[in-house]
$ cat coords15.cif   # mmCIF, C-alpha atoms
data_final
#
loop_
_atom_site.group_PDB
_atom_site.id
_atom_site.type_symbol
_atom_site.label_atom_id
_atom_site.label_comp_id
_atom_site.auth_asym_id
_atom_site.auth_seq_id
_atom_site.Cartn_x
_atom_site.Cartn_y
_atom_site.Cartn_z
ATOM 1 C CA MET B 1497 136.546 59.550 23.791
ATOM 2 C CA VAL B 1498 138.226 62.916 23.511
ATOM 3 C CA LEU B 1499 136.248 66.031 24.386
ATOM 4 C CA LEU B 1500 137.232 69.076 22.433
ATOM 5 C CA ASP B 1501 137.636 72.197 24.504
ATOM 6 C CA VAL B 1502 135.911 74.778 22.349
ATOM 7 C CA GLN B 1503 136.848 78.218 23.537
ATOM 8 C CA ASN B 1504 134.854 81.300 22.880
ATOM 9 C CA THR B 1505 137.361 83.633 21.306
ATOM 10 C CA PRO B 1506 136.809 87.071 19.744
ATOM 11 C CA ILE B 1507 137.473 85.681 16.262
ATOM 12 C CA ASN B 1508 134.291 83.609 16.603
ATOM 13 C CA TYR B 1509 132.298 86.856 16.614
ATOM 14 C CA PHE B 1510 133.866 88.140 13.387
ATOM 15 C CA PRO B 1511 130.964 87.040 11.096
ATOM 16 C CA ILE B 1512 128.479 88.761 13.394
ATOM 17 C CA VAL B 1513 130.516 91.971 13.391
ATOM 18 C CA VAL B 1514 130.794 91.857 9.582
ATOM 19 C CA GLN B 1515 127.033 91.368 9.240
ATOM 20 C CA LEU B 1516 126.385 94.237 11.674
ATOM 21 C CA ILE B 1517 128.725 96.555 9.741
ATOM 22 C CA ILE B 1518 127.051 95.636 6.453
ATOM 23 C CA ALA B 1519 123.567 96.228 7.913
ATOM 24 C CA ILE B 1520 124.497 99.605 9.412
ATOM 25 C CA GLY B 1521 126.272 100.584 6.195
ATOM 26 C CA PHE B 1522 123.249 99.615 4.083
ATOM 27 C CA VAL B 1523 120.918 101.691 6.251
ATOM 28 C CA ALA B 1524 123.287 104.670 6.194
ATOM 29 C CA ILE B 1525 123.734 104.484 2.404
ATOM 30 C CA MET B 1526 119.984 104.195 1.773
ATOM 31 C CA MET B 1527 119.163 107.100 4.081
ATOM 32 C CA GLY B 1528 121.881 109.242 2.520
ATOM 33 C CA ALA B 1529 120.804 108.332 -1.016
ATOM 34 C CA THR B 1530 117.154 109.174 -0.367
ATOM 35 C CA HIS B 1531 118.177 112.452 1.221
ATOM 36 C CA LEU B 1532 120.433 113.428 -1.682
ATOM 37 C CA LEU B 1533 118.396 112.029 -4.586
ATOM 38 C CA GLY B 1534 114.870 112.602 -3.286
ATOM 39 C CA PRO B 1535 112.701 115.550 -4.338
ATOM 40 C CA LYS B 1536 112.915 118.695 -2.247
ATOM 41 C CA ARG B 1537 109.588 120.475 -2.492
ATOM 42 C CA LYS B 1538 109.002 122.450 0.682
ATOM 43 C CA THR B 1539 105.533 123.955 0.550
ATOM 44 C CA ASN B 1540 103.427 125.420 3.326
ATOM 45 C CA ASP B 1541 101.156 122.378 3.217
ATOM 46 C CA LYS B 1542 104.068 119.979 3.676
ATOM 47 C CA LEU B 1543 105.610 122.006 6.479
ATOM 48 C CA ALA B 1544 102.328 122.242 8.422
ATOM 49 C CA ASN B 1545 101.659 119.849 11.291
ATOM 50 C CA PHE B 1546 99.741 116.763 10.242
ATOM 51 C CA GLU B 1547 96.716 115.964 12.370
ATOM 52 C CA CYS B 1548 95.309 112.873 10.630
ATOM 53 C CA GLY B 1549 93.564 114.963 7.973
ATOM 54 C CA ILE B 1550 90.323 115.431 9.902
ATOM 55 C CA ASP B 1551 89.218 118.822 11.167
ATOM 56 C CA GLN B 1552 88.710 118.940 14.902
ATOM 57 C CA GLU B 1553 85.158 118.974 16.146
ATOM 58 C CA GLY B 1554 84.294 119.217 19.800
ATOM 59 C CA ASN B 1555 86.303 118.108 22.792
ATOM 60 C CA ALA B 1556 88.924 115.403 22.338
ATOM 61 C CA ARG B 1557 88.423 114.313 25.951
ATOM 62 C CA GLN B 1558 84.868 113.071 25.539
ATOM 63 C CA PRO B 1559 84.392 109.602 26.987
ATOM 64 C CA LEU B 1560 84.085 106.549 24.760
ATOM 65 C CA THR B 1561 81.706 103.736 25.442
ATOM 66 C CA ILE B 1562 83.050 100.736 27.288
ATOM 67 C CA LYS B 1563 81.986 98.506 24.376
ATOM 68 C CA TYR B 1564 84.904 99.800 22.298
ATOM 69 C CA PHE B 1565 87.438 98.804 24.942
ATOM 70 C CA LEU B 1566 85.669 95.502 25.572
ATOM 71 C CA VAL B 1567 85.897 94.517 21.915
ATOM 72 C CA ALA B 1568 89.586 95.509 21.837
ATOM 73 C CA ILE B 1569 90.354 93.437 24.931
ATOM 74 C CA LEU B 1570 88.396 90.473 23.581
ATOM 75 C CA PHE B 1571 90.287 90.671 20.299
ATOM 76 C CA VAL B 1572 93.623 90.611 22.102
ATOM 77 C CA LEU B 1573 92.475 87.772 24.341
ATOM 78 C CA PHE B 1574 91.330 85.542 21.507
ATOM 79 C CA ASP B 1575 94.276 86.515 19.326
ATOM 80 C CA VAL B 1576 96.691 85.440 22.053
ATOM 81 C CA LYS B 1577 94.795 82.168 22.368
ATOM 82 C CA VAL B 1578 95.674 81.336 18.771
ATOM 83 C CA ILE B 1579 99.363 82.011 19.484
ATOM 84 C CA PHE B 1580 99.352 79.293 22.136
ATOM 85 C CA PHE B 1581 97.964 76.743 19.681
ATOM 86 C CA TYR B 1582 101.001 76.870 17.399
ATOM 87 C CA PRO B 1583 103.504 75.245 19.798
ATOM 88 C CA TYR B 1584 100.954 72.566 20.590
ATOM 89 C CA ALA B 1585 100.349 71.881 16.898
ATOM 90 C CA VAL B 1586 104.084 71.514 16.315
ATOM 91 C CA ASN B 1587 104.658 69.194 19.299
ATOM 92 C CA PHE B 1588 101.326 67.420 19.701
ATOM 93 C CA ARG B 1589 102.805 63.919 19.312
ATOM 94 C CA ALA B 1590 105.559 64.576 21.853
ATOM 95 C CA LEU B 1591 103.091 66.092 24.353
ATOM 96 C CA GLY B 1592 100.795 63.077 24.208
ATOM 97 C CA TRP B 1593 97.595 62.856 26.201
ATOM 98 C CA ASP B 1594 98.831 65.208 28.904
ATOM 99 C CA GLY B 1595 99.288 67.936 26.320
ATOM 100 C CA PHE B 1596 95.896 67.191 24.798
ATOM 101 C CA ILE B 1597 94.193 67.462 28.197
ATOM 102 C CA ALA B 1598 96.001 70.743 28.902
ATOM 103 C CA VAL B 1599 94.924 72.217 25.559
ATOM 104 C CA ALA B 1600 91.374 70.922 26.039
ATOM 105 C CA MET B 1601 91.226 72.666 29.431
ATOM 106 C CA PHE B 1602 92.667 75.823 27.861
ATOM 107 C CA VAL B 1603 89.994 75.795 25.149
ATOM 108 C CA GLY B 1604 87.340 74.937 27.733
ATOM 109 C CA PHE B 1605 88.161 78.006 29.795
ATOM 110 C CA PHE B 1606 87.889 80.169 26.696
ATOM 111 C CA ILE B 1607 84.566 78.605 25.743
ATOM 112 C CA VAL B 1608 83.226 79.337 29.231
ATOM 113 C CA GLY B 1609 84.471 82.934 28.932
ATOM 114 C CA PHE B 1610 83.015 83.312 25.450
ATOM 115 C CA THR B 1611 79.668 81.946 26.651
ATOM 116 C CA TYR B 1612 79.708 84.494 29.473
ATOM 117 C CA ILE B 1613 80.429 87.266 26.964
ATOM 118 C CA ILE B 1614 77.541 86.170 24.754
ATOM 119 C CA LYS B 1615 75.152 85.927 27.733
ATOM 120 C CA LYS B 1616 76.085 89.476 28.830
ATOM 121 C CA ASN B 1617 75.492 90.773 25.257
ATOM 122 C CA ALA B 1618 78.981 92.253 25.238
ATOM 123 C CA LEU B 1619 79.280 92.003 21.467
ATOM 124 C CA GLN B 1620 76.026 93.803 20.667
ATOM 125 C CA TRP B 1621 76.638 97.436 19.755
ATOM 126 C CA GLU B 1622 73.025 98.537 19.797
ATOM 127 C CA ASP B 1623 71.340 98.919 23.197
#

$ encode --input "coords15.cif" --output "structure tokens"
Amino acid sequence: MVLLDVQNTPINYFPIVVQLIIAIGFVAIMMGATHLLGPKRKTNDKLANFECGIDQEGNARQPLTIKYFLVAILFVLFDVKVIFFYPYAVNFRALGWDGFIAVAMFVGFFIVGFTYIIKKNALQWED
């Protein structure tokens, strides 16, 4: 059996460099074309600072209720949970019973946390 000694030479990176040059060139051409061909209507409204289109009322530093942050954190928590299910779904046969038990424990912890959230009325907006 003969092992080939594959060396990492600069010529091996040529396709990557070509793709990078094409990508940078495409972006530069598109930006230049939109700048040259795009409409140029400078009005006072367009040159004014944009502040989300809503007139300011009151102090911007007023405190928000903790419920808003709680719902945001819960969304992120349960959204991340779904991300962990994908690798398990792809490899569930290879992981076998050990993987199933690990995922069952993972889901169990979330069910306990969700039950705690429901018991504390964290998802009810009205007091």

$ closest_residue --input "coords15.cif" --among "B:Val1586, B:Leu1573, B:Leu1591, B:Ile1597" --to "Gly1609 (chain B)" --atoms "all atoms listed in the file"
B:Leu1573

$ closest_residue --input "coords15.cif" --among "B:Trp1621, B:Phe1610, B:Phe1596, B:Phe1602" --to "Val1578 (chain B)" --atoms "only C-alpha atoms"
B:Phe1602

$ atom_distance --input "coords15.cif" --atom1 "CA of Ile1525 (chain B)" --atom2 "CA of Asp1541 (chain B)"
28.8 Å

$ atom_distance --input "coords15.cif" --atom1 "CA of Pro1559 (chain B)" --atom2 "CA of Ala1618 (chain B)"
18.3 Å

$ closest_residue --input "coords15.cif" --among "B:Leu1560, B:Val1599, B:Met1527, B:Val1608" --to "Ala1585 (chain B)" --atoms "only C-alpha atoms"
B:Val1599

$ atom_distance --input "coords15.cif" --atom1 "CA of Met1601 (chain B)" --atom2 "CA of Lys1616 (chain B)"
22.6 Å

$ axis_aligned_box --input "coords15.cif" --around "region 1610-1617 of chain B" --padding-each-side "8 Å" --output "lines of an AutoDock Vina configuration file"
center_x = 79.1
center_y = 86.4
center_z = 27.1
size_x = 23.9
size_y = 24.8
size_z = 20.7

$ residues_around --input "coords15.cif" --residues "Ile1569 (chain B)" --least-positions-apart "5" --cutoff "12 Å" --atoms "all atoms listed in the file" --output "NGL selection string"
:B and (1562-1564 or 1574-1576 or 1613 or 1618-1619)

$ residues_around --input "coords15.cif" --residues "Lys1577 (chain B)" --least-positions-apart "6" --cutoff "10 Å" --atoms "all atoms listed in the file" --output "PyMOL selection string"
chain B and resi 1571+1602-1603+1606

$ closest_residue --input "coords15.cif" --among "B:Asn1617, B:Asn1508, B:Arg1589, B:His1531" --to "Leu1566 (chain B)" --atoms "all atoms listed in the file"
B:Asn1617

$ build_atoms --input "coords15.cif" --residues "region 1499-1524 of chain B" --atoms "N, CA and C atoms" --output "JSON list (two decimals), in the coordinates of the input"
[["chain", "number", "residue", "atom", "x", "y", "z"],
["B", 1499, "LEU", "N", 137.12, 64.86, 24.43],
["B", 1499, "LEU", "CA", 136.25, 66.03, 24.39],
["B", 1499, "LEU", "C", 137.06, 67.23, 23.92],
["B", 1500, "LEU", "N", 136.55, 67.89, 22.93],
["B", 1500, "LEU", "CA", 137.23, 69.08, 22.43],
["B", 1500, "LEU", "C", 136.86, 70.26, 23.31],
["B", 1501, "ASP", "N", 137.86, 71.01, 23.70],
["B", 1501, "ASP", "CA", 137.64, 72.20, 24.50],
["B", 1501, "ASP", "C", 137.46, 73.38, 23.55],
["B", 1502, "VAL", "N", 136.20, 73.68, 23.26],
["B", 1502, "VAL", "CA", 135.91, 74.78, 22.35],
["B", 1502, "VAL", "C", 135.89, 76.06, 23.16],
["B", 1503, "GLN", "N", 136.78, 76.96, 22.81],
["B", 1503, "GLN", "CA", 136.85, 78.22, 23.54],
["B", 1503, "GLN", "C", 136.14, 79.30, 22.75],
["B", 1504, "ASN", "N", 135.56, 80.18, 23.48],
["B", 1504, "ASN", "CA", 134.85, 81.30, 22.88],
["B", 1504, "ASN", "C", 135.83, 82.45, 22.73],
["B", 1505, "THR", "N", 136.37, 82.59, 21.55],
["B", 1505, "THR", "CA", 137.36, 83.63, 21.31],
["B", 1505, "THR", "C", 136.74, 84.76, 20.50],
["B", 1506, "PRO", "N", 137.36, 85.94, 20.51],
["B", 1506, "PRO", "CA", 136.81, 87.07, 19.74],
["B", 1506, "PRO", "C", 136.69, 86.80, 18.25],
["B", 1507, "ILE", "N", 137.54, 85.96, 17.70],
["B", 1507, "ILE", "CA", 137.47, 85.68, 16.26],
["B", 1507, "ILE", "C", 136.17, 84.96, 15.90],
["B", 1508, "ASN", "N", 135.56, 84.29, 16.86],
["B", 1508, "ASN", "CA", 134.29, 83.61, 16.60],
["B", 1508, "ASN", "C", 133.17, 84.61, 16.35],
["B", 1509, "TYR", "N", 133.31, 85.83, 16.80],
["B", 1509, "TYR", "CA", 132.30, 86.86, 16.61],
["B", 1509, "TYR", "C", 132.52, 87.68, 15.34],
["B", 1510, "PHE", "N", 133.55, 87.38, 14.60],
["B", 1510, "PHE", "CA", 133.87, 88.14, 13.39],
["B", 1510, "PHE", "C", 132.72, 88.14, 12.37],
["B", 1511, "PRO", "N", 132.08, 87.00, 12.06],
["B", 1511, "PRO", "CA", 130.96, 87.04, 11.10],
["B", 1511, "PRO", "C", 129.80, 87.92, 11.57],
["B", 1512, "ILE", "N", 129.56, 87.93, 12.86],
["B", 1512, "ILE", "CA", 128.48, 88.76, 13.39],
["B", 1512, "ILE", "C", 128.83, 90.24, 13.24],
["B", 1513, "VAL", "N", 130.07, 90.59, 13.52],
["B", 1513, "VAL", "CA", 130.52, 91.97, 13.39],
["B", 1513, "VAL", "C", 130.45, 92.41, 11.93],
["B", 1514, "VAL", "N", 130.86, 91.53, 11.00],
["B", 1514, "VAL", "CA", 130.79, 91.86, 9.58],
["B", 1514, "VAL", "C", 129.34, 92.08, 9.16],
["B", 1515, "GLN", "N", 128.44, 91.22, 9.59],
["B", 1515, "GLN", "CA", 127.03, 91.37, 9.24],
["B", 1515, "GLN", "C", 126.47, 92.66, 9.83],
["B", 1516, "LEU", "N", 126.84, 93.00, 11.05],
["B", 1516, "LEU", "CA", 126.38, 94.24, 11.67],
["B", 1516, "LEU", "C", 126.90, 95.46, 10.92],
["B", 1517, "ILE", "N", 128.15, 95.44, 10.50],
["B", 1517, "ILE", "CA", 128.72, 96.56, 9.74],
["B", 1517, "ILE", "C", 128.02, 96.70, 8.40],
["B", 1518, "ILE", "N", 127.75, 95.58, 7.74],
["B", 1518, "ILE", "CA", 127.05, 95.64, 6.45],
["B", 1518, "ILE", "C", 125.64, 96.18, 6.64],
["B", 1519, "ALA", "N", 124.94, 95.76, 7.67],
["B", 1519, "ALA", "CA", 123.57, 96.23, 7.91],
["B", 1519, "ALA", "C", 123.55, 97.72, 8.21],
["B", 1520, "ILE", "N", 124.44, 98.18, 9.08],
["B", 1520, "ILE", "CA", 124.50, 99.60, 9.41],
["B", 1520, "ILE", "C", 124.90, 100.42, 8.19],
["B", 1521, "GLY", "N", 125.86, 99.90, 7.41],
["B", 1521, "GLY", "CA", 126.27, 100.58, 6.20],
["B", 1521, "GLY", "C", 125.15, 100.68, 5.18],
["B", 1522, "PHE", "N", 124.38, 99.61, 5.02],
["B", 1522, "PHE", "CA", 123.25, 99.62, 4.08],
["B", 1522, "PHE", "C", 122.22, 100.66, 4.49],
["B", 1523, "VAL", "N", 121.89, 100.71, 5.77],
["B", 1523, "VAL", "CA", 120.92, 101.69, 6.25],
["B", 1523, "VAL", "C", 121.45, 103.11, 6.04],
["B", 1524, "ALA", "N", 122.71, 103.34, 6.35],
["B", 1524, "ALA", "CA", 123.29, 104.67, 6.19],
["B", 1524, "ALA", "C", 123.31, 105.08, 4.72]]
